[in-house]
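J.: What follows is start-v7.tsv, made up of TSV, C-alpha atoms:
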chain	number	residue	atom	x	y	z
A	1	MET	CA	37.69	69.71	71.50
A	2	LYS	CA	35.25	67.03	70.41
A	3	LYS	CA	36.03	67.73	66.74
A	4	LEU	CA	39.76	67.50	67.49
A	5	PHE	CA	39.26	64.16	69.24
A	6	ILE	CA	37.25	62.78	66.32
A	7	GLY	CA	39.91	64.02	63.90
A	8	ILE	CA	42.67	62.26	65.84
A	9	ILE	CA	40.68	59.00	65.95
A	10	SER	CA	40.06	59.18	62.18
A	11	LEU	CA	43.75	59.74	61.52
A	12	LEU	CA	44.76	56.82	63.75
A	13	LEU	CA	42.23	54.58	62.00
A	14	ALA	CA	43.57	55.51	58.59
A	15	VAL	CA	47.14	54.81	59.68
A	16	THR	CA	46.10	51.48	61.17
A	17	LEU	CA	44.35	50.38	57.99
A	18	THR	CA	47.39	51.31	55.92
A	19	ALA	CA	49.72	49.41	58.26
A	20	CYS	CA	47.54	46.31	57.93
A	21	GLY	CA	48.65	45.86	54.35
A	22	GLY	CA	45.75	47.43	52.51
A	23	LYS	CA	46.20	47.94	48.80
A	24	THR	CA	47.89	51.20	47.88
A	25	GLU	CA	45.28	53.16	45.93
A	26	ARG	CA	46.05	54.14	42.35
A	27	ASP	CA	43.66	55.62	39.82
A	28	ASP	CA	41.99	53.46	37.18
A	29	LYS	CA	44.39	54.64	34.49
A	30	THR	CA	47.66	53.92	36.32
A	31	LEU	CA	49.22	50.45	36.42
A	32	LEU	CA	52.31	49.87	38.58
A	33	VAL	CA	54.27	46.72	37.72
A	34	ALA	CA	57.43	45.43	39.44
A	35	ALA	CA	59.97	43.73	37.17
A	36	THR	CA	63.59	42.77	36.78
A	37	SER	CA	65.54	45.00	34.43
A	38	LYS	CA	66.07	42.57	31.54
A	39	PRO	CA	64.26	41.28	29.70
A	40	HIS	CA	61.10	42.01	31.69
A	41	GLY	CA	61.68	45.74	32.13
A	42	ASP	CA	62.60	46.17	28.48
A	43	ILE	CA	59.50	44.28	27.34
A	44	LEU	CA	57.31	46.41	29.60
A	45	GLU	CA	58.90	49.58	28.21
A	46	GLU	CA	57.93	48.39	24.75
A	47	ALA	CA	54.37	47.77	25.97
A	48	LYS	CA	54.02	51.27	27.45
A	49	ASN	CA	52.90	53.10	24.32
A	50	ILE	CA	50.52	50.32	23.30
A	51	LEU	CA	48.83	50.40	26.70
A	52	LYS	CA	48.53	54.16	26.51
A	53	ASP	CA	47.32	54.37	22.92
A	54	ASP	CA	44.96	51.38	22.91
A	55	TYR	CA	43.76	51.23	26.52
A	56	ASP	CA	44.46	54.72	27.94
A	57	ILE	CA	46.53	53.10	30.72
A	58	ASP	CA	49.69	54.70	32.11
A	59	LEU	CA	52.20	51.94	32.82
A	60	GLU	CA	54.71	52.62	35.60
A	61	ILE	CA	57.60	50.18	35.98
A	62	LYS	CA	59.36	49.49	39.29
A	63	ILE	CA	62.70	47.73	38.76
A	64	LEU	CA	63.81	45.33	41.52
A	65	ASP	CA	66.56	42.70	41.63
A	66	ASP	CA	65.87	40.62	44.75
A	67	TYR	CA	63.55	37.76	43.79
A	68	TYR	CA	62.12	37.49	47.29
A	69	ILE	CA	60.84	41.07	47.45
A	70	PHE	CA	58.56	40.90	44.41
A	71	ASN	CA	55.74	38.69	45.63
A	72	ARG	CA	55.75	40.15	49.13
A	73	SER	CA	55.43	43.63	47.67
A	74	LEU	CA	52.60	42.49	45.41
A	75	ASN	CA	50.82	40.68	48.21
A	76	ASP	CA	51.03	43.84	50.35
A	77	GLY	CA	49.49	45.89	47.55
A	78	ASP	CA	52.56	48.06	46.92
A	79	VAL	CA	52.28	47.25	43.19
A	80	ASP	CA	49.44	46.08	40.94
A	81	ALA	CA	51.33	43.22	39.30
A	82	ASN	CA	54.79	41.78	38.82
A	83	PHE	CA	56.60	40.29	35.86
A	84	PHE	CA	59.82	38.47	36.69
A	85	GLN	CA	59.25	34.84	37.67
A	86	HIS	CA	58.61	31.42	36.21
A	87	VAL	CA	55.76	29.16	37.30
A	88	PRO	CA	57.67	26.78	39.66
A	89	PHE	CA	59.20	29.72	41.56
A	90	PHE	CA	55.79	31.39	41.80
A	91	GLU	CA	54.05	28.27	43.06
A	92	LYS	CA	56.69	27.56	45.71
A	93	ASP	CA	56.86	31.17	46.90
A	94	ILE	CA	53.10	31.51	47.38
A	95	LYS	CA	52.94	28.11	49.09
A	96	ASP	CA	55.82	28.87	51.47
A	97	ASN	CA	54.59	32.37	52.34
A	98	LYS	CA	50.83	31.88	51.96
A	99	TYR	CA	50.58	34.76	49.50
A	100	ASP	CA	47.14	35.37	47.99
A	101	LEU	CA	48.36	35.75	44.41
A	102	VAL	CA	47.46	34.25	41.01
A	103	ASN	CA	49.08	33.63	37.65
A	104	ALA	CA	47.45	36.08	35.23
A	105	GLY	CA	49.15	34.73	32.09
A	106	GLY	CA	52.37	33.35	30.59
A	107	VAL	CA	54.52	35.49	28.31
A	108	HIS	CA	57.91	33.92	27.52
A	109	ILE	CA	60.60	31.40	28.42
A	110	GLU	CA	64.21	32.33	29.20
A	111	PRO	CA	66.44	29.31	28.58
A	112	PHE	CA	68.68	28.62	31.60
A	113	GLY	CA	72.33	28.11	30.72
A	114	PHE	CA	75.77	27.22	32.05
A	115	TYR	CA	78.63	29.61	31.31
A	116	SER	CA	82.38	29.39	31.85
A	117	LYS	CA	85.64	31.25	31.49
A	118	GLN	CA	87.63	28.10	32.26
A	119	ILE	CA	86.36	25.67	29.64
A	120	LYS	CA	84.93	25.90	26.13
A	121	ASN	CA	83.32	22.47	26.02
A	122	ILE	CA	81.45	20.52	28.68
A	123	ASN	CA	83.78	17.55	28.10
A	124	GLU	CA	86.64	19.62	29.57
A	125	LEU	CA	85.16	19.45	33.08
A	126	LYS	CA	87.60	17.94	35.60
A	127	LYS	CA	87.23	16.13	38.89
A	128	ASN	CA	86.39	18.34	41.87
A	129	ASP	CA	85.51	21.33	39.68
A	130	ILE	CA	83.24	23.96	41.23
A	131	VAL	CA	79.75	24.52	39.84
A	132	VAL	CA	78.13	27.76	41.00
A	133	ILE	CA	74.33	27.71	41.13
A	134	SER	CA	71.45	29.79	42.42
A	135	ASN	CA	70.50	29.39	46.08
A	136	SER	CA	66.85	29.51	45.01
A	137	VAL	CA	65.65	25.94	45.58
A	138	ALA	CA	62.97	26.51	42.94
A	139	ASP	CA	65.81	26.65	40.37
A	140	HIS	CA	67.66	23.53	41.52
A	141	GLY	CA	65.63	20.95	39.63
A	142	ARG	CA	65.87	23.02	36.47
A	143	ILE	CA	69.65	23.41	36.80
A	144	LEU	CA	70.32	19.78	37.70
A	145	ALA	CA	68.10	18.51	34.89
A	146	ILE	CA	70.40	20.20	32.35
A	147	LEU	CA	73.44	18.46	33.85
A	148	ASP	CA	71.57	15.17	34.03
A	149	GLU	CA	70.55	15.39	30.36
A	150	ALA	CA	74.18	16.11	29.44
A	151	GLY	CA	75.34	13.02	31.34
A	152	ILE	CA	77.40	15.01	33.84
A	153	ILE	CA	75.38	13.81	36.83
A	154	GLU	CA	72.55	11.35	37.34
A	155	LEU	CA	69.47	12.27	39.35
A	156	ASP	CA	67.45	9.83	41.40
A	157	ASP	CA	64.68	8.72	39.05
A	158	LYS	CA	62.26	8.43	41.97
A	159	VAL	CA	62.24	12.21	42.34
A	160	LYS	CA	60.24	14.54	40.10
A	161	VAL	CA	62.89	16.48	38.19
A	162	GLN	CA	61.20	19.81	38.89
A	163	ASP	CA	61.52	19.14	42.66
A	164	ALA	CA	65.08	17.78	42.62
A	165	THR	CA	67.79	19.21	44.88
A	166	ILE	CA	71.50	18.56	45.24
A	167	GLU	CA	70.65	15.79	47.72
A	168	ASP	CA	68.86	13.95	44.89
A	169	ILE	CA	72.05	13.53	42.83
A	170	LYS	CA	72.50	9.77	42.51
A	171	THR	CA	75.79	9.80	40.59
A	172	ASN	CA	78.40	12.56	40.57
A	173	ARG	CA	81.27	10.86	38.74
A	174	LEU	CA	83.46	13.98	38.71
A	175	ASN	CA	82.75	14.75	42.36
A	176	LEU	CA	81.67	18.25	41.34
A	177	GLU	CA	81.34	20.75	44.19
A	178	PHE	CA	78.13	22.78	44.11
A	179	LYS	CA	78.37	26.30	45.48
A	180	GLU	CA	75.10	28.19	46.07
A	181	ILE	CA	74.82	31.99	45.87
A	182	LYS	CA	72.06	34.54	45.34
A	183	PRO	CA	70.73	34.57	41.75
A	184	GLU	CA	71.61	38.24	41.27
A	185	LEU	CA	75.27	37.47	42.05
A	186	LEU	CA	75.68	34.72	39.45
A	187	THR	CA	76.94	37.01	36.69
A	188	ASN	CA	79.55	38.44	39.08
A	189	ALA	CA	80.67	34.88	39.83
A	190	TYR	CA	81.06	34.35	36.08
A	191	LYS	CA	83.00	37.58	35.59
A	192	ASN	CA	85.23	36.73	38.55
A	193	ASP	CA	85.79	33.18	37.29
A	194	GLU	CA	84.59	31.60	40.54
A	195	GLY	CA	83.83	28.19	39.08
A	196	ALA	CA	84.28	25.92	36.10
A	197	LEU	CA	80.55	26.24	35.43
A	198	ILE	CA	78.20	29.06	36.42
A	199	ALA	CA	74.46	28.41	36.02
A	200	ILE	CA	72.83	31.75	35.21
A	201	ASN	CA	69.16	32.65	34.95
A	202	GLY	CA	68.27	33.93	31.49
A	203	ASN	CA	67.32	37.45	32.59
A	204	TYR	CA	70.58	37.97	34.49
A	205	ALA	CA	72.61	36.55	31.60
A	206	ILE	CA	70.98	38.99	29.19
A	207	ASP	CA	71.50	41.86	31.63
A	208	ALA	CA	75.22	41.01	31.71
A	209	GLY	CA	75.48	41.09	27.92
A	210	LEU	CA	75.44	37.32	27.45
A	211	ASN	CA	73.36	35.59	24.80
A	212	PRO	CA	72.25	32.18	26.12
A	213	THR	CA	71.94	30.65	22.64
A	214	LYS	CA	75.46	31.73	21.68
A	215	ASP	CA	77.48	31.97	24.90
A	216	ALA	CA	76.20	29.11	27.06
A	217	ILE	CA	78.16	25.87	27.13
A	218	LEU	CA	74.98	24.03	28.12
A	219	LEU	CA	71.46	25.34	27.48
A	220	GLU	CA	68.08	23.87	28.37
A	221	SER	CA	65.45	23.22	25.74
A	222	ALA	CA	62.67	25.81	25.41
A	223	ASP	CA	59.83	23.86	23.82
A	224	GLU	CA	56.22	23.91	24.99
A	225	SER	CA	56.89	21.12	27.51
A	226	ASN	CA	59.18	23.49	29.43
A	227	PRO	CA	57.35	24.38	32.69
A	228	TYR	CA	59.48	27.47	33.37
A	229	VAL	CA	57.22	30.00	31.69
A	230	ASN	CA	57.63	33.59	32.87
A	231	ILE	CA	54.30	35.01	33.99
A	232	VAL	CA	52.45	38.13	35.03
A	233	ALA	CA	51.23	37.76	38.63
A	234	CYS	CA	48.63	39.79	40.48
A	235	GLN	CA	46.57	39.66	43.66
A	236	LYS	CA	43.86	37.00	43.68
A	237	GLY	CA	40.56	38.53	42.64
A	238	HIS	CA	42.21	41.14	40.41
A	239	GLU	CA	43.12	38.89	37.48
A	240	ASN	CA	40.03	40.07	35.58
A	241	ASP	CA	40.57	43.77	36.31
A	242	LYS	CA	40.62	45.88	33.17
A	243	LYS	CA	44.22	47.01	33.77
A	244	ILE	CA	45.59	43.50	34.40
A	245	LYS	CA	43.80	41.97	31.42
A	246	ALA	CA	45.03	44.80	29.21
A	247	LEU	CA	48.62	44.23	30.37
A	248	VAL	CA	48.49	40.50	29.63
A	249	ASP	CA	46.80	41.06	26.26
A	250	VAL	CA	49.50	43.52	25.22
A	251	LEU	CA	52.36	41.31	26.41
A	252	LYS	CA	50.92	38.44	24.34
A	253	SER	CA	50.23	40.62	21.30
A	254	ASP	CA	51.88	40.19	17.91
A	255	SER	CA	53.70	43.51	18.39
A	256	ILE	CA	55.40	42.35	21.59
A	257	LYS	CA	56.12	38.90	20.13
A	258	LYS	CA	57.87	40.58	17.21
A	259	PHE	CA	59.85	42.80	19.61
A	260	ILE	CA	60.99	39.80	21.67
A	261	ASN	CA	62.02	37.77	18.63
A	262	GLU	CA	63.96	40.61	17.02
A	263	LYS	CA	65.62	42.01	20.14
A	264	TYR	CA	66.69	38.79	21.84
A	265	ASP	CA	67.53	36.59	18.85
A	266	GLY	CA	66.44	33.36	20.53
A	267	ALA	CA	67.69	34.27	24.02
A	268	VAL	CA	64.05	34.81	25.00
A	269	ILE	CA	61.39	32.49	23.55
A	270	VAL	CA	57.80	33.65	23.03
A	271	TYR	CA	55.26	31.46	24.87
A	272	ASP	CA	52.01	30.84	23.00
A	273	GLY	CA	50.13	29.01	25.77
A	274	GLU	CA	47.81	30.49	28.40
Written as structure tokens, that's how I'd like the structure from this file.
T.:
Amino acid sequence: MKKLFIGIISLLLAVTLTACGGKTERDDKTLLVAATSKPHGDILEEAKNILKDDYDIDLEIKILDDYYIFNRSLNDGDVDANFFQHVPFFEKDIKDNKYDLVNAGGVHIEPFGFYSKQIKNINELKKNDIVVISNSVADHGRILAILDEAGIIELDDKVKVQDATIEDIKTNRLNLEFKEIKPELLTNAYKNDEGALIAINGNYAIDAGLNPTKDAILLESADESNPYVNIVACQKGHENDKKIKALVDVLKSDSIKKFINEKYDGAVIVYDGE
């Protein structure tokens, strides 16, 4: 009876520890990474054999499409790392949710673009046209900066562009109506012709068969001053783990750079910084 009692207590303790968000245990040779399908999932697939051959690491890829699941899942230890987000989104998400995560390294930039089935040139925009944008506030400054640079709107110069929101539009001469939807629904909005302009994240545009450099009416610049670098994120304290460092090294390798340049033809830009 005593042994049974001790066994029950041990089981309850194990369940309790698991429920408290402890890291899901994986062996030293298995690396589980959450990613969006394109381009992140494709890039990780290309990295699989290199990780196996050079580091004896088995890469497992978990494809997700809801931006707000990724960091929570990583923080809870359900995965070892994620690869889907740019730096401003990452910084806002960990600040808002108090996640204990770190940036393990930058890999590439996906130029954000505006697409349309209604117009072929930005000068064809009319008064009261609808502009469909992401409801992710972390994307708003990026989206509005493109319109500001094109002279379509004017942002308040007292606000840091990266932090700008619709409320910071100083001049909207065409009285454009901004409609916010989930990022993963933006390509559907484009296909369904729901606005004169649809601002689509690079990964979703690629996933829908669009090439930002060829199909976008407006496209942001992708030079080194662009802060929207897509990164690998992991739990704080694990950034120097053998598996995480191997993943970042492979993603920044010449082999992966060549793959990105050849496959995406400028739709994804290799990042050479840290």
J.: For range 110-115 of chain A, I'd like the enclosing box, axis-aligned and padded by 5 Å on every side, reported as JSON with centre and edge lengths in Å to one decimal.
T.:
{"center_x": 71.4, "center_y": 29.8, "center_z": 30.3, "size_x": 24.4, "size_y": 15.1, "size_z": 13.5}
J.: Kindly give the distance, in Å, that separates CA of Asp80 in chain A and CA of Lys38 in chain A, rounded to a single decimal.
T.: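 These atoms are spaced 19.4 Å apart.
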J.: Hey, what's within 9 Å of range 204-212 of chain A if we count all atoms listed in the file and toss same-chain stuff fewer than 4 positions away? As number ranges by chain, please?
T.: A: 36-39, 110-115, 183-188, 200, 216-219, 264-268
J.: Pick out the closest residue to Leu247 in chain A from this set: A:Gly77, A:Gly105, A:Pro227, A:Gly41. Count all atoms listed in the file.
T.: A:Gly105
J.: Please compute the CA of Asp249 in chain A-CA of Asn49 in chain A distance, one decimal, in Å.
T.: 13.6 Å
J.: Tell me, as a compact mmCIF listing (two decimals) with C-alpha atoms, in the frame of the given file, which residues lie within 8 Å of range 65-74 of chain A, counting only C-alpha atoms; anything in the same chain fewer than 5 positions away does not count.
T.:
# COMPACT_ATOMS: atom_id res chain seq x y z
CA ALA A 34 57.43 45.43 39.44
CA ALA A 35 59.97 43.73 37.17
CA THR A 36 63.59 42.77 36.78
CA SER A 37 65.54 45.00 34.43
CA VAL A 79 52.28 47.25 43.19
CA ASP A 80 49.44 46.08 40.94
CA ALA A 81 51.33 43.22 39.30
CA ASN A 82 54.79 41.78 38.82
CA ASP A 93 56.86 31.17 46.90
CA ILE A 94 53.10 31.51 47.38
CA TYR A 99 50.58 34.76 49.50
CA GLU A 184 71.61 38.24 41.27
CA CYS A 234 48.63 39.79 40.48
CA GLN A 235 46.57 39.66 43.66
J.: So how far away is CA of Gly151 in chain A from CA of Asn230 in chain A, in Å?
T.: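 Result for CA of Asn230 in chain A versus CA of Gly151 in chain A: 27.2 Å, one decimal.
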J.: List the neighbours of Lys242 in chain A out to 10 Å using all atoms listed in the file; skip same-chain residues closer than 5 positions along the sequence, and give me the result as a list in words.
T.: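 Contacts, in chain order: Asp28, Lys29, Tyr55, Ile57 and Leu247 of chain A.
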J.: Would you save the residues from that selection as an mmCIF file, keeping the file's coordinate frame, using C-alpha atoms?
T.:
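As a result, out-v6.cif now contains:
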data_model
loop_
_atom_site.group_PDB
_atom_site.id
_atom_site.type_symbol
_atom_site.label_atom_id
_atom_site.label_comp_id
_atom_site.auth_asym_id
_atom_site.auth_seq_id
_atom_site.Cartn_x
_atom_site.Cartn_y
_atom_site.Cartn_z
ATOM 1 C CA ASP A 28 41.990 53.460 37.180
ATOM 2 C CA LYS A 29 44.390 54.640 34.490
ATOM 3 C CA TYR A 55 43.760 51.230 26.520
ATOM 4 C CA ILE A 57 46.530 53.100 30.720
ATOM 5 C CA LEU A 247 48.620 44.230 30.370
#
J.: So, with all atoms listed in the file as the atoms that count, which of A:Leu251, A:Val232, A:Val87, A:Ile269 lies closest to Ala104 in chain A?
T.: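 The closest residue to Ala104 in chain A is A:Val232.
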J.: Could you tell me which of A:Ile231, A:Val248, A:Ile181, A:Ile43 comes closest to Asn135 in chain A if we count all atoms listed in the file?
T.: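 That would be A:Ile181, the residue with the smallest distance to Asn135 in chain A.
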J.: Would you mind listing what lies within 12 Å of Asp193 in chain A as a list in words, with only C-alpha atoms counted and same-chain residues fewer than 2 positions away left out?
T.: Tyr115, Ser116, Lys117, Gln118, Ile119, Ile130, Val131, Val132, Leu186, Thr187, Asn188, Ala189, Tyr190, Lys191, Gly195, Ala196, Leu197 and Ile198 of chain A
J.: Which of these residues is nearest to Phe178 in chain A, using all atoms listed in the file: A:Lys95, A:Lys258, A:Lys252, A:His140?
T.: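 Counting all atoms listed in the file, the residue closest to Phe178 in chain A is A:His140.
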J.: Between A:Thr171, A:Ile152, A:Ile146, A:Ala246, which has the minimum distance to Lys48 in chain A (counting all atoms listed in the file)?
T.: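 Of the candidates, the smallest distance to Lys48 in chain A is held by A:Ala246.
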J.: Missing atoms in range 226-239 of chain A need filling: write out N, CA, C and O atoms for it as a PDB file, in the frame of the given file.
T.:
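Wrote rebuild-v9.pdb, looks like this:
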ATOM      1  N   ASN A 226      58.409  22.812  28.389  1.00  0.00           N
ATOM      2  CA  ASN A 226      59.180  23.490  29.430  1.00  0.00           C
ATOM      3  C   ASN A 226      58.226  24.164  30.414  1.00  0.00           C
ATOM      4  O   ASN A 226      57.422  25.012  30.016  1.00  0.00           O
ATOM      5  N   PRO A 227      58.287  23.807  31.717  1.00  0.00           N
ATOM      6  CA  PRO A 227      57.350  24.380  32.690  1.00  0.00           C
ATOM      7  C   PRO A 227      57.756  25.768  33.189  1.00  0.00           C
ATOM      8  O   PRO A 227      56.985  26.417  33.919  1.00  0.00           O
ATOM      9  N   TYR A 228      58.940  26.238  32.784  1.00  0.00           N
ATOM     10  CA  TYR A 228      59.480  27.470  33.370  1.00  0.00           C
ATOM     11  C   TYR A 228      59.064  28.719  32.587  1.00  0.00           C
ATOM     12  O   TYR A 228      59.891  29.532  32.182  1.00  0.00           O
ATOM     13  N   VAL A 229      57.769  28.854  32.411  1.00  0.00           N
ATOM     14  CA  VAL A 229      57.220  30.000  31.690  1.00  0.00           C
ATOM     15  C   VAL A 229      57.186  31.220  32.598  1.00  0.00           C
ATOM     16  O   VAL A 229      56.736  31.142  33.745  1.00  0.00           O
ATOM     17  N   ASN A 230      57.674  32.343  32.109  1.00  0.00           N
ATOM     18  CA  ASN A 230      57.630  33.590  32.870  1.00  0.00           C
ATOM     19  C   ASN A 230      56.237  34.200  32.771  1.00  0.00           C
ATOM     20  O   ASN A 230      55.676  34.309  31.674  1.00  0.00           O
ATOM     21  N   ILE A 231      55.710  34.609  33.908  1.00  0.00           N
ATOM     22  CA  ILE A 231      54.300  35.010  33.990  1.00  0.00           C
ATOM     23  C   ILE A 231      54.115  36.416  34.550  1.00  0.00           C
ATOM     24  O   ILE A 231      55.020  36.985  35.164  1.00  0.00           O
ATOM     25  N   VAL A 232      52.924  36.941  34.317  1.00  0.00           N
ATOM     26  CA  VAL A 232      52.450  38.130  35.030  1.00  0.00           C
ATOM     27  C   VAL A 232      51.664  37.618  36.234  1.00  0.00           C
ATOM     28  O   VAL A 232      50.803  36.741  36.094  1.00  0.00           O
ATOM     29  N   ALA A 233      51.966  38.139  37.417  1.00  0.00           N
ATOM     30  CA  ALA A 233      51.230  37.760  38.630  1.00  0.00           C
ATOM     31  C   ALA A 233      50.513  38.981  39.197  1.00  0.00           C
ATOM     32  O   ALA A 233      50.978  40.113  39.041  1.00  0.00           O
ATOM     33  N   CYS A 234      49.382  38.717  39.834  1.00  0.00           N
ATOM     34  CA  CYS A 234      48.630  39.790  40.480  1.00  0.00           C
ATOM     35  C   CYS A 234      47.938  39.239  41.721  1.00  0.00           C
ATOM     36  O   CYS A 234      47.969  38.026  41.962  1.00  0.00           O
ATOM     37  N   GLN A 235      47.313  40.108  42.499  1.00  0.00           N
ATOM     38  CA  GLN A 235      46.570  39.660  43.660  1.00  0.00           C
ATOM     39  C   GLN A 235      45.352  38.857  43.225  1.00  0.00           C
ATOM     40  O   GLN A 235      44.710  39.179  42.216  1.00  0.00           O
ATOM     41  N   LYS A 236      45.042  37.814  43.983  1.00  0.00           N
ATOM     42  CA  LYS A 236      43.860  37.000  43.680  1.00  0.00           C
ATOM     43  C   LYS A 236      42.613  37.870  43.733  1.00  0.00           C
ATOM     44  O   LYS A 236      42.433  38.668  44.646  1.00  0.00           O
ATOM     45  N   GLY A 237      41.761  37.725  42.730  1.00  0.00           N
ATOM     46  CA  GLY A 237      40.560  38.530  42.640  1.00  0.00           C
ATOM     47  C   GLY A 237      40.706  39.727  41.727  1.00  0.00           C
ATOM     48  O   GLY A 237      39.717  40.388  41.401  1.00  0.00           O
ATOM     49  N   HIS A 238      41.956  40.006  41.305  1.00  0.00           N
ATOM     50  CA  HIS A 238      42.210  41.140  40.410  1.00  0.00           C
ATOM     51  C   HIS A 238      42.625  40.709  39.003  1.00  0.00           C
ATOM     52  O   HIS A 238      42.894  41.552  38.154  1.00  0.00           O
ATOM     53  N   GLU A 239      42.654  39.387  38.773  1.00  0.00           N
ATOM     54  CA  GLU A 239      43.120  38.890  37.480  1.00  0.00           C
ATOM     55  C   GLU A 239      42.205  39.310  36.324  1.00  0.00           C
ATOM     56  O   GLU A 239      42.629  39.321  35.165  1.00  0.00           O
TER      57      GLU A 239
END
